[in-house]
Amino acid sequence: MLRARLVEDKLGSLYRAGRIVGGVYLGRGQEALSAAGGLNLRKGDVYAPLIRDMAGRLAFGEPLVDAVRTYLGSRLGPMRGRDGNIHRGDLELGILPMISHLGAMISAAAGVLLAKRMRGEKQRVGLACIGDGATSTGSFHEGLNLAAVEKLPLVVMVADNGYAYSTPNSRQFACTDLLDRARGYGVEGHGLDATDPEACLEMLGRAIQRAREGAGPQLVVGRLLRLCGHGEHDDAFYVDPQVKDSSRGRDCLQVMEELMKKRGRSKEWNDWREEARDEVEKAVAQVSGEPVPDPFEEQWQATVTPGSVEEVTEE
């Protein structure tokens with residue numbers, strides 16, 4: 001959580017300084033839910049994160065330097081500087097590059113799980129992350145319906161921040177709670193306060209284990225508030241001040257810091273923060289000196305083509 005918050009703070013600064021091309025979309029306030037998902041997965045599982053899942057990516061094993069490489073366009077990163085900072089992933093780690101945050105990754109993760117089943121791989125779980133707005137799309141319905149019919153070991157994690165960009169939930173869906181949808185699809189549902197890091201870790205652990213044991217798809221809905229705009233270009237003026245001041249608007253990192261303080265571990269927390277800050281600064285310094293793609297030299301072939309990765313060197 002600390003590593004994700006600090007690297008994203010740095011990326012926001014780099015964006016405002018004109019060092020990053022395209023948009024920057026931060027996950028401030030969503031770190032607890034995201035990290036819990038990544039921590040509970042195992043090697044061999046499949047992870048379909050979104051643009052705000054920096055914490056989950058790092059928890060699942062993505063090197064922080066590779067995250068920075070994608071934002072700064074280094075050709076040494078997993079996407080080789082080609083796909084901007086939104087569509088990043090690493091198939092060797094089991095992280096699917098995001099197609100769209102509007103529910104498309106549910107069917108992508110379901111497809112990978114079907115392939116693993118056909119190959120005889122057992123005890124594999126897929127985790128697909130979406131926002132509350134994605135639950136209003138056809139991709140959500142089709143993907144979750146397929147997963148339910150096939151009883152795939154898929155966990156769909158919904159970060160319900162109350163807004164689909166600037167559209168409040170009241171204008172998105174008529175059900176009382178998104179968790180109500182689980183029963184309609186024939187899947188198990190789990191709801192939680194996603195500002196509580198320990199509750200996130202426990203609930204995601206339970207849902208992922210249920211899927212791994214053969215209980216079929218699991219829908220996890222975490223209530224939280226994104227503590228920044230939709231992107232760094234957005235000041236989130238549309239968010240109701242009362243929501244910001246409610247328990248939903250708590251900062252999960254502050255909650256964790258208070259827990260550490262109560263347990264007499266403040267020094268450990270502060271040490272973690274300094275270690276993370278140092279790691280971020282070193283990563284940015286390293287990546288700033290790395291090459292970007294040269295259109296006259298780049299071999300425009302699939303990144304998974306045998307031999308293609310080895311051809312990219314630091315020279």
# chains A, B, ... in the order shown; residues from 1 in each chain; ligands from 1
>>> select_by_dssp(residues="range 20-216 of chain A", states="strand (DSSP E or B)", output="JSON, numbers by chain")
{"A": [46, 47, 48, 90, 95, 126, 127, 128, 129, 130, 131, 154, 155, 156, 157, 158, 159, 160, 163, 164, 167, 168, 188, 189, 190, 191, 192, 193]}
>>> write_last_selection(atoms="C-alpha atoms", output="compact mmCIF listing (two decimals), in the first residue's frame")
# COMPACT_ATOMS: atom_id res chain seq x y z
CA VAL A 46 -4.31 -15.01 -13.48
CA TYR A 47 -4.75 -11.36 -12.54
CA ALA A 48 -6.67 -8.79 -14.58
CA ASP A 90 3.14 -9.09 -18.05
CA ILE A 95 -0.90 -10.17 -15.31
CA GLY A 126 -8.57 -15.66 -11.73
CA LEU A 127 -9.11 -12.21 -10.26
CA ALA A 128 -10.75 -9.55 -12.44
CA CYS A 129 -11.00 -6.00 -11.09
CA ILE A 130 -13.72 -3.54 -12.12
CA GLY A 131 -15.37 -0.38 -10.86
CA LEU A 154 -13.12 -16.46 -10.99
CA VAL A 155 -13.30 -13.67 -8.43
CA VAL A 156 -14.76 -10.39 -9.68
CA MET A 157 -13.66 -7.56 -7.39
CA VAL A 158 -15.73 -4.38 -7.60
CA ALA A 159 -14.27 -1.14 -6.25
CA ASP A 160 -17.54 0.65 -5.53
CA TYR A 163 -19.38 7.21 -8.98
CA ALA A 164 -18.98 6.03 -12.58
CA THR A 167 -22.26 9.75 -12.44
CA PRO A 168 -23.50 8.81 -8.94
CA GLU A 188 -21.59 -16.08 -4.15
CA GLY A 189 -21.38 -12.48 -2.98
CA HIS A 190 -19.23 -10.74 -0.36
CA GLY A 191 -19.50 -7.12 0.73
CA LEU A 192 -17.08 -5.13 2.84
CA ASP A 193 -15.82 -1.76 3.99
>>> select_by_dssp(residues="range 73-313 of chain A", states="helix (DSSP H, G or I)", output="count of residues only")
101
>>> closest_residue(among="A:Glu142, A:Glu232, A:Glu213, A:Asp132", to="Ile106 in chain A", atoms="only C-alpha atoms")
A:Glu142
>>> residues_around(residues="range 113-125 of chain A", least_positions_apart="2", cutoff="12 Å", atoms="only C-alpha atoms", output="ChimeraX atom specification")
/A:37-38,40-48,94,106-111,127-128,146-147,149-156,205,207-218
>>> residues_around(residues="range 7-21 of chain A", least_positions_apart="2", cutoff="12 Å", atoms="only C-alpha atoms", output="MDAnalysis selection string")
chainID A and resid 1:5 23:29 31 51:55 58 63:74 81:86 228:229 231:233 273 275:285 287:288
>>> closest_residue(among="A:Val112, A:Leu91, A:Ala59, A:Ala104", to="Ser136 in chain A", atoms="only C-alpha atoms")
A:Ala104
>>> atom_distance(atom1="CA of Pro97 in chain A", atom2="CA of Gly222 in chain A")
22.8 Å
>>> atom_distance(atom1="CA of Pro293 in chain A", atom2="CA of Arg75 in chain A")
5.4 Å
>>> decode(residues="range 26-50 of chain A", atoms="N, CA and C atoms", output="CSV table (one decimal), in the first residue's frame")
chain,number,residue,atom,x,y,z
A,26,LEU,N,-4.8,7.6,-10.9
A,26,LEU,CA,-4.3,7.1,-9.6
A,26,LEU,C,-5.4,6.3,-8.8
A,27,GLY,N,-4.9,5.5,-7.9
A,27,GLY,CA,-5.7,4.6,-7.1
A,27,GLY,C,-5.8,5.1,-5.7
A,28,ARG,N,-5.6,6.4,-5.4
A,28,ARG,CA,-5.5,6.9,-4.0
A,28,ARG,C,-6.9,6.5,-3.3
A,29,GLY,N,-6.8,5.8,-2.2
A,29,GLY,CA,-7.9,5.4,-1.4
A,29,GLY,C,-8.4,4.0,-1.7
A,30,GLN,N,-7.8,3.4,-2.8
A,30,GLN,CA,-8.2,2.0,-3.2
A,30,GLN,C,-7.1,1.0,-2.9
A,31,GLU,N,-6.1,1.5,-2.3
A,31,GLU,CA,-4.9,0.6,-2.1
A,31,GLU,C,-5.2,-0.7,-1.3
A,32,ALA,N,-6.0,-0.5,-0.2
A,32,ALA,CA,-6.3,-1.7,0.6
A,32,ALA,C,-7.0,-2.8,-0.1
A,33,LEU,N,-8.0,-2.5,-0.8
A,33,LEU,CA,-8.8,-3.5,-1.6
A,33,LEU,C,-7.9,-4.1,-2.7
A,34,SER,N,-7.1,-3.3,-3.4
A,34,SER,CA,-6.3,-3.7,-4.5
A,34,SER,C,-5.2,-4.6,-4.0
A,35,ALA,N,-4.5,-4.2,-2.9
A,35,ALA,CA,-3.4,-5.0,-2.4
A,35,ALA,C,-3.8,-6.3,-1.8
A,36,ALA,N,-5.0,-6.3,-1.2
A,36,ALA,CA,-5.6,-7.6,-0.7
A,36,ALA,C,-5.8,-8.6,-1.8
A,37,GLY,N,-6.2,-8.2,-2.9
A,37,GLY,CA,-6.4,-9.1,-4.1
A,37,GLY,C,-5.1,-9.7,-4.5
A,38,GLY,N,-4.1,-8.8,-4.7
A,38,GLY,CA,-2.8,-9.3,-5.2
A,38,GLY,C,-2.1,-10.2,-4.2
A,39,LEU,N,-2.2,-9.9,-2.9
A,39,LEU,CA,-1.6,-10.7,-1.9
A,39,LEU,C,-2.1,-12.1,-1.8
A,40,ASN,N,-3.4,-12.3,-2.0
A,40,ASN,CA,-4.1,-13.6,-1.8
A,40,ASN,C,-4.0,-14.5,-3.0
A,41,LEU,N,-3.5,-14.0,-4.2
A,41,LEU,CA,-3.2,-14.8,-5.3
A,41,LEU,C,-1.9,-15.6,-5.2
A,42,ARG,N,-1.8,-16.7,-6.0
A,42,ARG,CA,-0.6,-17.5,-6.0
A,42,ARG,C,0.0,-17.5,-7.4
A,43,LYS,N,1.3,-17.9,-7.4
A,43,LYS,CA,1.9,-18.0,-8.7
A,43,LYS,C,1.1,-19.1,-9.5
A,44,GLY,N,0.9,-18.7,-10.8
A,44,GLY,CA,0.1,-19.6,-11.6
A,44,GLY,C,-1.4,-19.1,-11.8
A,45,ASP,N,-1.8,-18.2,-10.9
A,45,ASP,CA,-3.1,-17.6,-11.0
A,45,ASP,C,-3.1,-16.6,-12.1
A,46,VAL,N,-4.2,-16.1,-12.5
A,46,VAL,CA,-4.3,-15.0,-13.5
A,46,VAL,C,-4.9,-13.8,-12.9
A,47,TYR,N,-4.3,-12.6,-13.1
A,47,TYR,CA,-4.8,-11.4,-12.5
A,47,TYR,C,-5.1,-10.4,-13.6
A,48,ALA,N,-6.3,-9.8,-13.6
A,48,ALA,CA,-6.7,-8.8,-14.6
A,48,ALA,C,-7.0,-7.5,-13.9
A,49,PRO,N,-5.9,-6.7,-13.5
A,49,PRO,CA,-6.1,-5.5,-12.8
A,49,PRO,C,-6.5,-4.3,-13.7
A,50,LEU,N,-6.9,-3.2,-13.1
A,50,LEU,CA,-7.2,-2.0,-13.8
A,50,LEU,C,-6.2,-0.9,-13.6
